[in-house]
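Asker: Hey, dropping query_24.cif in here, mmCIF, N, CA and C atoms and all ligand atoms:
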```cif
data_my_file
loop_
_atom_site.label_atom_id
_atom_site.label_comp_id
_atom_site.auth_asym_id
_atom_site.auth_seq_id
_atom_site.Cartn_x
_atom_site.Cartn_y
_atom_site.Cartn_z
N MET B 10 80.02 30.64 -26.14
CA MET B 10 81.50 30.64 -26.21
C MET B 10 81.92 30.62 -27.69
N ALA B 11 82.87 31.48 -28.05
CA ALA B 11 83.34 31.51 -29.44
C ALA B 11 84.23 30.29 -29.71
N TYR B 12 84.17 29.79 -30.94
CA TYR B 12 84.99 28.65 -31.34
C TYR B 12 86.47 28.96 -31.14
N ASP B 13 87.18 28.06 -30.47
CA ASP B 13 88.60 28.24 -30.20
C ASP B 13 89.42 27.49 -31.26
N THR B 14 90.08 28.24 -32.12
CA THR B 14 90.83 27.62 -33.22
C THR B 14 92.09 26.88 -32.73
N GLY B 15 92.39 27.00 -31.43
CA GLY B 15 93.56 26.31 -30.86
C GLY B 15 93.22 24.93 -30.32
N ASN B 16 91.97 24.47 -30.47
CA ASN B 16 91.64 23.13 -29.94
C ASN B 16 92.35 22.03 -30.74
N VAL B 17 92.56 20.87 -30.11
CA VAL B 17 93.39 19.82 -30.74
C VAL B 17 92.82 19.31 -32.07
N PHE B 18 91.52 19.25 -32.19
CA PHE B 18 90.97 18.74 -33.45
C PHE B 18 91.13 19.77 -34.57
N ALA B 19 91.07 21.06 -34.23
CA ALA B 19 91.35 22.10 -35.23
C ALA B 19 92.80 21.97 -35.70
N LYS B 20 93.70 21.67 -34.76
CA LYS B 20 95.12 21.50 -35.13
C LYS B 20 95.30 20.28 -36.02
N ILE B 21 94.59 19.19 -35.69
CA ILE B 21 94.66 17.98 -36.54
C ILE B 21 94.12 18.31 -37.93
N LEU B 22 93.00 19.03 -38.01
CA LEU B 22 92.40 19.37 -39.31
C LEU B 22 93.33 20.26 -40.13
N ARG B 23 94.11 21.11 -39.47
CA ARG B 23 95.04 21.99 -40.19
C ARG B 23 96.37 21.28 -40.49
N GLY B 24 96.51 20.04 -40.01
CA GLY B 24 97.75 19.29 -40.24
C GLY B 24 98.87 19.71 -39.31
N GLU B 25 98.54 20.42 -38.24
CA GLU B 25 99.57 20.88 -37.29
C GLU B 25 99.86 19.83 -36.22
N MET B 26 98.95 18.86 -36.11
CA MET B 26 99.16 17.74 -35.17
C MET B 26 98.86 16.46 -35.93
N PRO B 27 99.60 15.38 -35.63
CA PRO B 27 99.35 14.12 -36.34
C PRO B 27 98.10 13.41 -35.84
N CYS B 28 97.58 12.50 -36.65
CA CYS B 28 96.51 11.62 -36.19
C CYS B 28 96.61 10.33 -36.97
N HIS B 29 95.96 9.28 -36.47
CA HIS B 29 95.87 8.01 -37.19
C HIS B 29 94.58 8.08 -37.99
N LYS B 30 94.72 8.56 -39.23
CA LYS B 30 93.55 8.83 -40.07
C LYS B 30 92.95 7.54 -40.62
N VAL B 31 91.62 7.47 -40.62
CA VAL B 31 90.99 6.32 -41.27
C VAL B 31 90.20 6.72 -42.51
N PHE B 32 89.77 7.99 -42.58
CA PHE B 32 88.93 8.41 -43.71
C PHE B 32 88.92 9.94 -43.78
N GLU B 33 88.84 10.44 -45.02
CA GLU B 33 88.68 11.89 -45.20
C GLU B 33 87.90 12.13 -46.47
N ASP B 34 86.96 13.09 -46.43
CA ASP B 34 86.34 13.57 -47.67
C ASP B 34 86.32 15.10 -47.59
N GLU B 35 85.57 15.73 -48.50
CA GLU B 35 85.66 17.20 -48.55
C GLU B 35 85.13 17.89 -47.29
N SER B 36 84.26 17.22 -46.55
CA SER B 36 83.69 17.91 -45.39
C SER B 36 83.90 17.22 -44.04
N THR B 37 84.52 16.03 -44.02
CA THR B 37 84.70 15.33 -42.74
C THR B 37 86.06 14.61 -42.66
N LEU B 38 86.43 14.28 -41.42
CA LEU B 38 87.67 13.52 -41.18
C LEU B 38 87.38 12.52 -40.06
N ALA B 39 87.91 11.30 -40.20
CA ALA B 39 87.76 10.28 -39.14
C ALA B 39 89.15 9.78 -38.76
N PHE B 40 89.39 9.64 -37.46
CA PHE B 40 90.70 9.22 -36.97
C PHE B 40 90.55 8.52 -35.62
N MET B 41 91.61 7.81 -35.22
CA MET B 41 91.56 7.04 -33.97
C MET B 41 91.62 7.98 -32.76
N ASP B 42 90.84 7.64 -31.73
CA ASP B 42 90.94 8.34 -30.45
C ASP B 42 92.22 7.87 -29.76
N ILE B 43 93.06 8.82 -29.31
CA ILE B 43 94.35 8.39 -28.71
C ILE B 43 94.19 7.83 -27.30
N MET B 44 93.01 8.06 -26.69
CA MET B 44 92.76 7.49 -25.36
C MET B 44 91.47 6.66 -25.46
N PRO B 45 91.53 5.55 -26.21
CA PRO B 45 90.31 4.81 -26.53
C PRO B 45 89.61 4.23 -25.31
N GLN B 46 88.28 4.28 -25.36
CA GLN B 46 87.49 3.67 -24.28
C GLN B 46 87.25 2.20 -24.56
N ALA B 47 87.55 1.78 -25.79
CA ALA B 47 87.48 0.38 -26.19
C ALA B 47 88.34 0.26 -27.45
N GLU B 48 88.77 -0.96 -27.73
CA GLU B 48 89.55 -1.23 -28.94
C GLU B 48 88.77 -0.76 -30.16
N GLY B 49 89.36 0.08 -31.01
CA GLY B 49 88.68 0.52 -32.22
C GLY B 49 87.94 1.85 -32.08
N HIS B 50 88.03 2.48 -30.91
CA HIS B 50 87.36 3.78 -30.67
C HIS B 50 87.84 4.81 -31.70
N THR B 51 86.89 5.29 -32.50
CA THR B 51 87.20 6.19 -33.61
C THR B 51 86.37 7.46 -33.47
N LEU B 52 86.92 8.58 -33.95
CA LEU B 52 86.24 9.87 -33.89
C LEU B 52 85.95 10.38 -35.29
N VAL B 53 84.80 11.03 -35.46
CA VAL B 53 84.45 11.66 -36.74
C VAL B 53 84.19 13.13 -36.48
N VAL B 54 84.86 14.00 -37.24
CA VAL B 54 84.68 15.45 -37.08
C VAL B 54 84.30 16.08 -38.42
N PRO B 55 83.50 17.15 -38.38
CA PRO B 55 83.30 17.94 -39.59
C PRO B 55 84.51 18.86 -39.77
N LYS B 56 84.78 19.24 -41.00
CA LYS B 56 85.85 20.22 -41.22
C LYS B 56 85.40 21.62 -40.85
N ALA B 57 84.09 21.84 -40.86
CA ALA B 57 83.54 23.15 -40.47
C ALA B 57 83.91 23.46 -39.03
N LYS B 58 84.17 24.73 -38.77
CA LYS B 58 84.50 25.15 -37.40
C LYS B 58 83.21 25.23 -36.58
N ALA B 59 83.01 24.28 -35.70
CA ALA B 59 81.81 24.26 -34.86
C ALA B 59 82.16 23.61 -33.53
N GLU B 60 81.75 24.29 -32.47
CA GLU B 60 82.10 23.82 -31.13
C GLU B 60 81.27 22.59 -30.72
N ASP B 61 79.99 22.63 -31.06
CA ASP B 61 79.11 21.55 -30.62
C ASP B 61 77.95 21.40 -31.60
N LEU B 62 77.00 20.54 -31.23
CA LEU B 62 75.87 20.23 -32.10
C LEU B 62 75.08 21.48 -32.51
N PHE B 63 74.98 22.42 -31.60
CA PHE B 63 74.14 23.60 -31.81
C PHE B 63 74.81 24.63 -32.69
N ASP B 64 76.09 24.42 -32.96
CA ASP B 64 76.92 25.37 -33.67
C ASP B 64 77.15 24.92 -35.12
N LEU B 65 76.59 23.76 -35.48
CA LEU B 65 76.86 23.15 -36.79
C LEU B 65 75.67 23.35 -37.72
N THR B 66 75.92 23.66 -38.99
CA THR B 66 74.81 23.81 -39.94
C THR B 66 74.20 22.43 -40.21
N PRO B 67 72.91 22.39 -40.58
CA PRO B 67 72.29 21.11 -40.90
C PRO B 67 73.03 20.35 -42.00
N ASP B 68 73.54 21.06 -43.00
CA ASP B 68 74.27 20.38 -44.09
C ASP B 68 75.55 19.72 -43.57
N ALA B 69 76.29 20.43 -42.75
CA ALA B 69 77.54 19.88 -42.19
C ALA B 69 77.22 18.72 -41.24
N LEU B 70 76.12 18.85 -40.51
CA LEU B 70 75.70 17.77 -39.62
C LEU B 70 75.33 16.52 -40.42
N ALA B 71 74.62 16.74 -41.53
CA ALA B 71 74.22 15.60 -42.37
C ALA B 71 75.47 14.88 -42.91
N ALA B 72 76.46 15.65 -43.34
CA ALA B 72 77.69 15.05 -43.86
C ALA B 72 78.41 14.29 -42.75
N THR B 73 78.42 14.84 -41.56
CA THR B 73 79.15 14.23 -40.44
C THR B 73 78.48 12.93 -39.99
N ILE B 74 77.16 12.93 -39.94
CA ILE B 74 76.48 11.71 -39.49
C ILE B 74 76.56 10.63 -40.59
N ALA B 75 76.58 11.06 -41.85
CA ALA B 75 76.73 10.08 -42.94
C ALA B 75 78.11 9.42 -42.86
N THR B 76 79.13 10.22 -42.59
CA THR B 76 80.48 9.65 -42.42
C THR B 76 80.52 8.75 -41.19
N THR B 77 79.84 9.17 -40.13
CA THR B 77 79.81 8.37 -38.90
C THR B 77 79.21 6.99 -39.18
N GLN B 78 78.12 6.96 -39.95
CA GLN B 78 77.51 5.67 -40.29
C GLN B 78 78.48 4.80 -41.10
N LYS B 79 79.13 5.43 -42.09
CA LYS B 79 80.06 4.70 -42.96
C LYS B 79 81.23 4.12 -42.15
N ILE B 80 81.77 4.94 -41.28
CA ILE B 80 82.94 4.49 -40.50
C ILE B 80 82.53 3.50 -39.41
N ALA B 81 81.35 3.71 -38.83
CA ALA B 81 80.87 2.76 -37.81
C ALA B 81 80.73 1.37 -38.40
N ARG B 82 80.26 1.32 -39.64
CA ARG B 82 80.12 0.02 -40.33
C ARG B 82 81.50 -0.63 -40.47
N ALA B 83 82.50 0.18 -40.86
CA ALA B 83 83.86 -0.35 -41.04
C ALA B 83 84.49 -0.75 -39.70
N VAL B 84 84.22 0.03 -38.65
CA VAL B 84 84.76 -0.29 -37.31
C VAL B 84 84.16 -1.62 -36.84
N LYS B 85 82.87 -1.80 -37.08
CA LYS B 85 82.19 -3.04 -36.67
C LYS B 85 82.83 -4.24 -37.38
N LYS B 86 83.07 -4.06 -38.67
CA LYS B 86 83.68 -5.14 -39.46
C LYS B 86 85.12 -5.40 -38.98
N ALA B 87 85.88 -4.35 -38.76
CA ALA B 87 87.30 -4.50 -38.40
C ALA B 87 87.48 -5.10 -37.01
N THR B 88 86.60 -4.73 -36.08
CA THR B 88 86.76 -5.21 -34.70
C THR B 88 85.93 -6.46 -34.42
N GLU B 89 84.98 -6.74 -35.32
CA GLU B 89 84.02 -7.84 -35.11
C GLU B 89 83.22 -7.65 -33.82
N ALA B 90 83.03 -6.38 -33.44
CA ALA B 90 82.24 -6.09 -32.23
C ALA B 90 80.76 -6.30 -32.52
N PRO B 91 80.04 -6.96 -31.60
CA PRO B 91 78.61 -7.17 -31.83
C PRO B 91 77.79 -5.89 -31.65
N GLY B 92 78.33 -4.95 -30.87
CA GLY B 92 77.61 -3.70 -30.63
C GLY B 92 78.48 -2.50 -30.93
N ILE B 93 77.84 -1.42 -31.42
CA ILE B 93 78.57 -0.18 -31.68
C ILE B 93 77.80 0.95 -31.00
N MET B 94 78.51 1.69 -30.17
CA MET B 94 77.90 2.84 -29.48
C MET B 94 78.35 4.12 -30.18
N ILE B 95 77.40 5.02 -30.42
CA ILE B 95 77.72 6.35 -30.96
C ILE B 95 77.45 7.35 -29.85
N ALA B 96 78.46 8.19 -29.54
CA ALA B 96 78.28 9.19 -28.48
C ALA B 96 78.70 10.56 -28.99
N GLN B 97 78.06 11.58 -28.46
CA GLN B 97 78.37 12.96 -28.89
C GLN B 97 78.03 13.87 -27.71
N LEU B 98 79.04 14.53 -27.16
CA LEU B 98 78.87 15.29 -25.92
C LEU B 98 78.87 16.79 -26.22
N ASN B 99 77.96 17.51 -25.59
CA ASN B 99 77.85 18.96 -25.81
C ASN B 99 78.00 19.71 -24.50
N GLY B 100 79.14 20.42 -24.36
CA GLY B 100 79.37 21.22 -23.16
C GLY B 100 80.14 20.46 -22.10
N ALA B 101 80.94 21.21 -21.35
CA ALA B 101 81.76 20.61 -20.28
C ALA B 101 80.89 19.85 -19.28
N ASP B 102 79.69 20.34 -19.05
CA ASP B 102 78.82 19.67 -18.07
C ASP B 102 78.38 18.30 -18.56
N ALA B 103 78.40 18.12 -19.88
CA ALA B 103 78.05 16.81 -20.46
C ALA B 103 79.29 15.93 -20.59
N GLY B 104 80.46 16.49 -20.24
CA GLY B 104 81.70 15.71 -20.32
C GLY B 104 82.55 16.04 -21.53
N GLN B 105 82.11 17.02 -22.35
CA GLN B 105 82.90 17.38 -23.54
C GLN B 105 84.24 17.96 -23.09
N THR B 106 85.33 17.47 -23.71
CA THR B 106 86.66 17.96 -23.34
C THR B 106 87.38 18.62 -24.51
N VAL B 107 86.95 18.32 -25.74
CA VAL B 107 87.54 18.97 -26.92
C VAL B 107 86.41 19.71 -27.61
N PHE B 108 86.61 21.03 -27.78
CA PHE B 108 85.49 21.86 -28.21
C PHE B 108 85.46 22.11 -29.73
N HIS B 109 85.53 21.00 -30.44
CA HIS B 109 85.22 20.93 -31.88
C HIS B 109 84.32 19.71 -31.98
N ILE B 110 83.09 19.92 -32.44
CA ILE B 110 82.11 18.81 -32.41
C ILE B 110 82.68 17.52 -33.02
N HIS B 111 82.37 16.40 -32.39
CA HIS B 111 82.82 15.09 -32.89
C HIS B 111 81.87 14.01 -32.43
N PHE B 112 81.81 12.96 -33.22
CA PHE B 112 81.04 11.77 -32.87
C PHE B 112 82.02 10.67 -32.49
N HIS B 113 81.76 10.02 -31.36
CA HIS B 113 82.55 8.88 -30.93
C HIS B 113 81.91 7.62 -31.50
N ILE B 114 82.72 6.74 -32.08
CA ILE B 114 82.27 5.41 -32.51
C ILE B 114 83.00 4.42 -31.60
N ILE B 115 82.24 3.74 -30.74
CA ILE B 115 82.87 2.89 -29.73
C ILE B 115 82.32 1.46 -29.80
N PRO B 116 83.18 0.51 -30.20
CA PRO B 116 82.76 -0.89 -30.23
C PRO B 116 82.42 -1.38 -28.82
N ARG B 117 81.40 -2.22 -28.72
CA ARG B 117 80.99 -2.75 -27.41
C ARG B 117 80.82 -4.27 -27.46
N TRP B 118 81.24 -4.90 -26.39
CA TRP B 118 81.07 -6.33 -26.18
C TRP B 118 80.40 -6.50 -24.82
N SER B 119 79.40 -7.36 -24.73
CA SER B 119 78.75 -7.51 -23.43
C SER B 119 79.75 -8.09 -22.44
N GLY B 120 79.74 -7.54 -21.23
CA GLY B 120 80.66 -8.00 -20.20
C GLY B 120 81.99 -7.25 -20.21
N ILE B 121 82.22 -6.41 -21.23
CA ILE B 121 83.46 -5.62 -21.24
C ILE B 121 83.09 -4.16 -20.99
N ASP B 122 83.51 -3.66 -19.83
CA ASP B 122 83.17 -2.27 -19.48
C ASP B 122 83.98 -1.29 -20.31
N LEU B 123 83.39 -0.10 -20.50
CA LEU B 123 84.12 0.97 -21.16
C LEU B 123 85.28 1.41 -20.27
N ARG B 124 86.41 1.75 -20.89
CA ARG B 124 87.50 2.35 -20.12
C ARG B 124 87.11 3.80 -19.81
N LEU B 125 87.82 4.42 -18.90
CA LEU B 125 87.49 5.79 -18.52
C LEU B 125 87.64 6.74 -19.70
N HIS B 126 86.81 7.78 -19.71
CA HIS B 126 86.77 8.75 -20.80
C HIS B 126 88.02 9.65 -20.78
N ALA B 127 88.70 9.71 -21.94
CA ALA B 127 89.85 10.61 -22.14
C ALA B 127 90.97 10.39 -21.12
N ARG B 128 91.25 9.14 -20.78
CA ARG B 128 92.36 8.82 -19.87
C ARG B 128 93.11 7.63 -20.45
N GLY B 129 94.39 7.59 -20.28
CA GLY B 129 95.15 6.40 -20.66
C GLY B 129 95.42 6.35 -22.15
N MET B 130 96.63 6.80 -22.51
CA MET B 130 97.05 6.83 -23.91
C MET B 130 97.29 5.41 -24.43
N GLU B 131 96.85 5.18 -25.66
CA GLU B 131 97.11 3.89 -26.32
C GLU B 131 98.47 3.96 -27.02
N ALA B 132 99.14 2.81 -27.15
CA ALA B 132 100.42 2.77 -27.86
C ALA B 132 100.20 3.14 -29.33
N PRO B 133 101.04 4.04 -29.88
CA PRO B 133 100.86 4.49 -31.26
C PRO B 133 100.82 3.34 -32.26
N GLU B 134 101.63 2.30 -32.04
CA GLU B 134 101.64 1.19 -33.01
C GLU B 134 100.32 0.43 -32.99
N LYS B 135 99.66 0.36 -31.83
CA LYS B 135 98.35 -0.30 -31.77
C LYS B 135 97.30 0.52 -32.51
N LEU B 136 97.38 1.85 -32.35
CA LEU B 136 96.43 2.72 -33.04
C LEU B 136 96.64 2.65 -34.55
N ALA B 137 97.91 2.62 -34.96
CA ALA B 137 98.23 2.55 -36.39
C ALA B 137 97.70 1.25 -36.99
N ALA B 138 97.88 0.14 -36.27
CA ALA B 138 97.41 -1.16 -36.77
C ALA B 138 95.89 -1.18 -36.88
N MET B 139 95.21 -0.62 -35.88
CA MET B 139 93.73 -0.59 -35.91
C MET B 139 93.25 0.33 -37.04
N ALA B 140 93.90 1.46 -37.22
CA ALA B 140 93.50 2.39 -38.30
C ALA B 140 93.62 1.68 -39.65
N GLU B 141 94.67 0.90 -39.80
CA GLU B 141 94.86 0.17 -41.07
C GLU B 141 93.75 -0.85 -41.28
N LYS B 142 93.37 -1.55 -40.22
CA LYS B 142 92.27 -2.54 -40.33
C LYS B 142 90.96 -1.85 -40.71
N ILE B 143 90.71 -0.69 -40.10
CA ILE B 143 89.45 0.02 -40.39
C ILE B 143 89.47 0.55 -41.83
N ARG B 144 90.61 1.09 -42.24
CA ARG B 144 90.72 1.57 -43.64
C ARG B 144 90.44 0.43 -44.61
N ALA B 145 90.98 -0.73 -44.32
CA ALA B 145 90.77 -1.90 -45.19
C ALA B 145 89.30 -2.29 -45.21
N ALA B 146 88.61 -2.11 -44.07
CA ALA B 146 87.19 -2.49 -43.98
C ALA B 146 86.29 -1.49 -44.70
N ILE B 147 86.78 -0.27 -44.94
CA ILE B 147 85.99 0.72 -45.69
C ILE B 147 85.95 0.34 -47.15
N ALA B 148 87.07 -0.17 -47.62
CA ALA B 148 87.23 -0.43 -49.06
C ALA B 148 86.26 -1.53 -49.53
P1 LIG M 201 84.96 14.63 -25.68
O1 LIG M 201 85.30 14.53 -24.22
O2 LIG M 201 85.18 16.06 -26.11
O3 LIG M 201 83.63 14.09 -26.07
O4 LIG M 201 85.99 13.71 -26.43
C1 LIG M 201 87.27 14.10 -26.78
C2 LIG M 201 88.00 12.83 -27.17
O5 LIG M 201 89.19 13.22 -27.81
C3 LIG M 201 88.38 11.94 -25.99
O6 LIG M 201 87.84 10.66 -26.19
C4 LIG M 201 89.90 11.95 -26.00
O7 LIG M 201 90.44 10.70 -25.67
C5 LIG M 201 90.23 12.35 -27.42
N1 LIG M 201 91.45 13.12 -27.60
C6 LIG M 201 91.94 14.10 -26.79
N2 LIG M 201 93.07 14.62 -27.30
C7 LIG M 201 93.29 13.95 -28.47
C8 LIG M 201 94.31 14.06 -29.46
O8 LIG M 201 95.23 14.85 -29.38
N3 LIG M 201 94.21 13.21 -30.52
C9 LIG M 201 93.20 12.30 -30.64
N4 LIG M 201 93.21 11.53 -31.72
N5 LIG M 201 92.22 12.18 -29.73
C10 LIG M 201 92.26 13.00 -28.65
#
```
Any chance you could put this one into C-alpha cells?

Answerer:
Amino acid sequence: MAYDTGNVFAKILRGEMPCHKVFEDESTLAFMDIMPQAEGHTLVVPKAKAEDLFDLTPDALAATIATTQKIARAVKKATEAPGIMIAQLNGADAGQTVFHIHFHIIPRWSGIDLRLHARGMEAPEKLAAMAEKIRAAIA
C-alpha cells in the first residue's frame, strides 16, 4: 500500500492539525495520544513518510527509537508509573489504525487494565497538563 499523505499524523507533522507536543527534533516528533489507553500515553513518530516498520529506513528507525527511549524516560518520571509499555503495530490485522509508523509509550500500573485502543477522547486540558509535565521531565 502506498503511503497516504492524508493520514492524521502526516497532517500533524505538516501543522495542519493540532497536537499536544512534548518533543521535536530534526527527524522525530512526540505528542499525546488523544485517546489514551492510560494516563500519560504518548506517541513518537518519525518525520519521514513511512507507513509501518518495514517502510522506514534503518537511520530513521534508529532516530525514532532513540526518541522513544528519551520520551519513555520522561513519561515514567512524569507519571511515576512503575512500568512502561512500548507498542508498535504494523497493518490493520495487527490493529494499526493510523498508517504513519509510530511507537506507543504507555505507562502501566499493576492492577490497572489498559483502556480500549483508540476509543474515548481525553479532555484537552488533561492532555495539555500531562504534556507540560512530560516536557518538564525531559529538561
Ligand atoms: P495505531 O492503532 O495505529 O497503533 O494507533 C493510533 C493511535 O493514534 C491510537 O492510539 C489513537 O488513539 C491515536 N490517534 C488517532 N487519531 C489521533 C489524532 O488525531 N491525534 C492524536 N494525537 N492521536 C490520535

Asker: Need the axis-aligned box for ligand LIG 201 (chain M) with 5 Å each side, so what are the centre and edges in Å to one decimal, as lines of an AutoDock Vina configuration file?

Answerer:
```
center_x = 89.4
center_y = 13.4
center_z = -28.0
size_x = 21.6
size_y = 15.4
size_z = 17.5
```

Asker: Show me which residues line ligand LIG 201 (chain M), defined as having an atom within 8 Å of a ligand atom where only N, CA and C atoms and all ligand atoms count, and present them as a ChimeraX atom specification.

Answerer: /B:16-18,21,26-29,40-46,52,96-100,103-113,125-130

Asker: Could you pull out the strand (DSSP E or B) residues of chain B, going by DSSP on the backbone, and write them as a ChimeraX atom specification?

Answerer: /B:30-33,37-41,51-55,92-96,112-117

Asker: Please measure the separation of CA of Ala148 in chain B and CA of His50 in chain B, giving the value in Å to one decimal.

Answerer: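 Interatomic distance here is 18.9 Å.
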
Asker: Would you return as number ranges by chain the members of chain B that DSSP assigns to helix (DSSP H, G or I) on this structure's backbone?

Answerer: B: 17-22, 62-64, 67-88, 101-103, 133-147

Asker: Which residues are near Ala81 in chain B? Cut-off 8 Å, only N, CA and C atoms, ignore same chain within fewer than 5 positions. Put them as a PyMOL selection string.

Answerer: chain B and resi 75-76+86-87+93+114-115

Asker: Which one is closest to Leu38 in chain B: B:Thr88, B:Thr51, B:Thr14, B:Thr66? Count only C-alpha atoms.

Answerer: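 Of B:Thr88, B:Thr51, B:Thr14, B:Thr66, the one nearest Leu38 in chain B is B:Thr51, counting only C-alpha atoms.
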
Asker: Range 68-71 of chain B: which residues within 8 Å, counting only N, CA and C atoms, same-chain residues fewer than 5 positions away excluded, as a PyMOL selection string?

Answerer: chain B and resi 36+55-57+62+76-77

Asker: I need the residue nearest Gly49 in chain B from this list: B:Ala132, B:Ala140, B:Val31, B:Ala11. Use all atoms listed in the file for the distance.

Answerer: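 Nearest candidate to Gly49 in chain B out of B:Ala132, B:Ala140, B:Val31, B:Ala11: B:Ala140.
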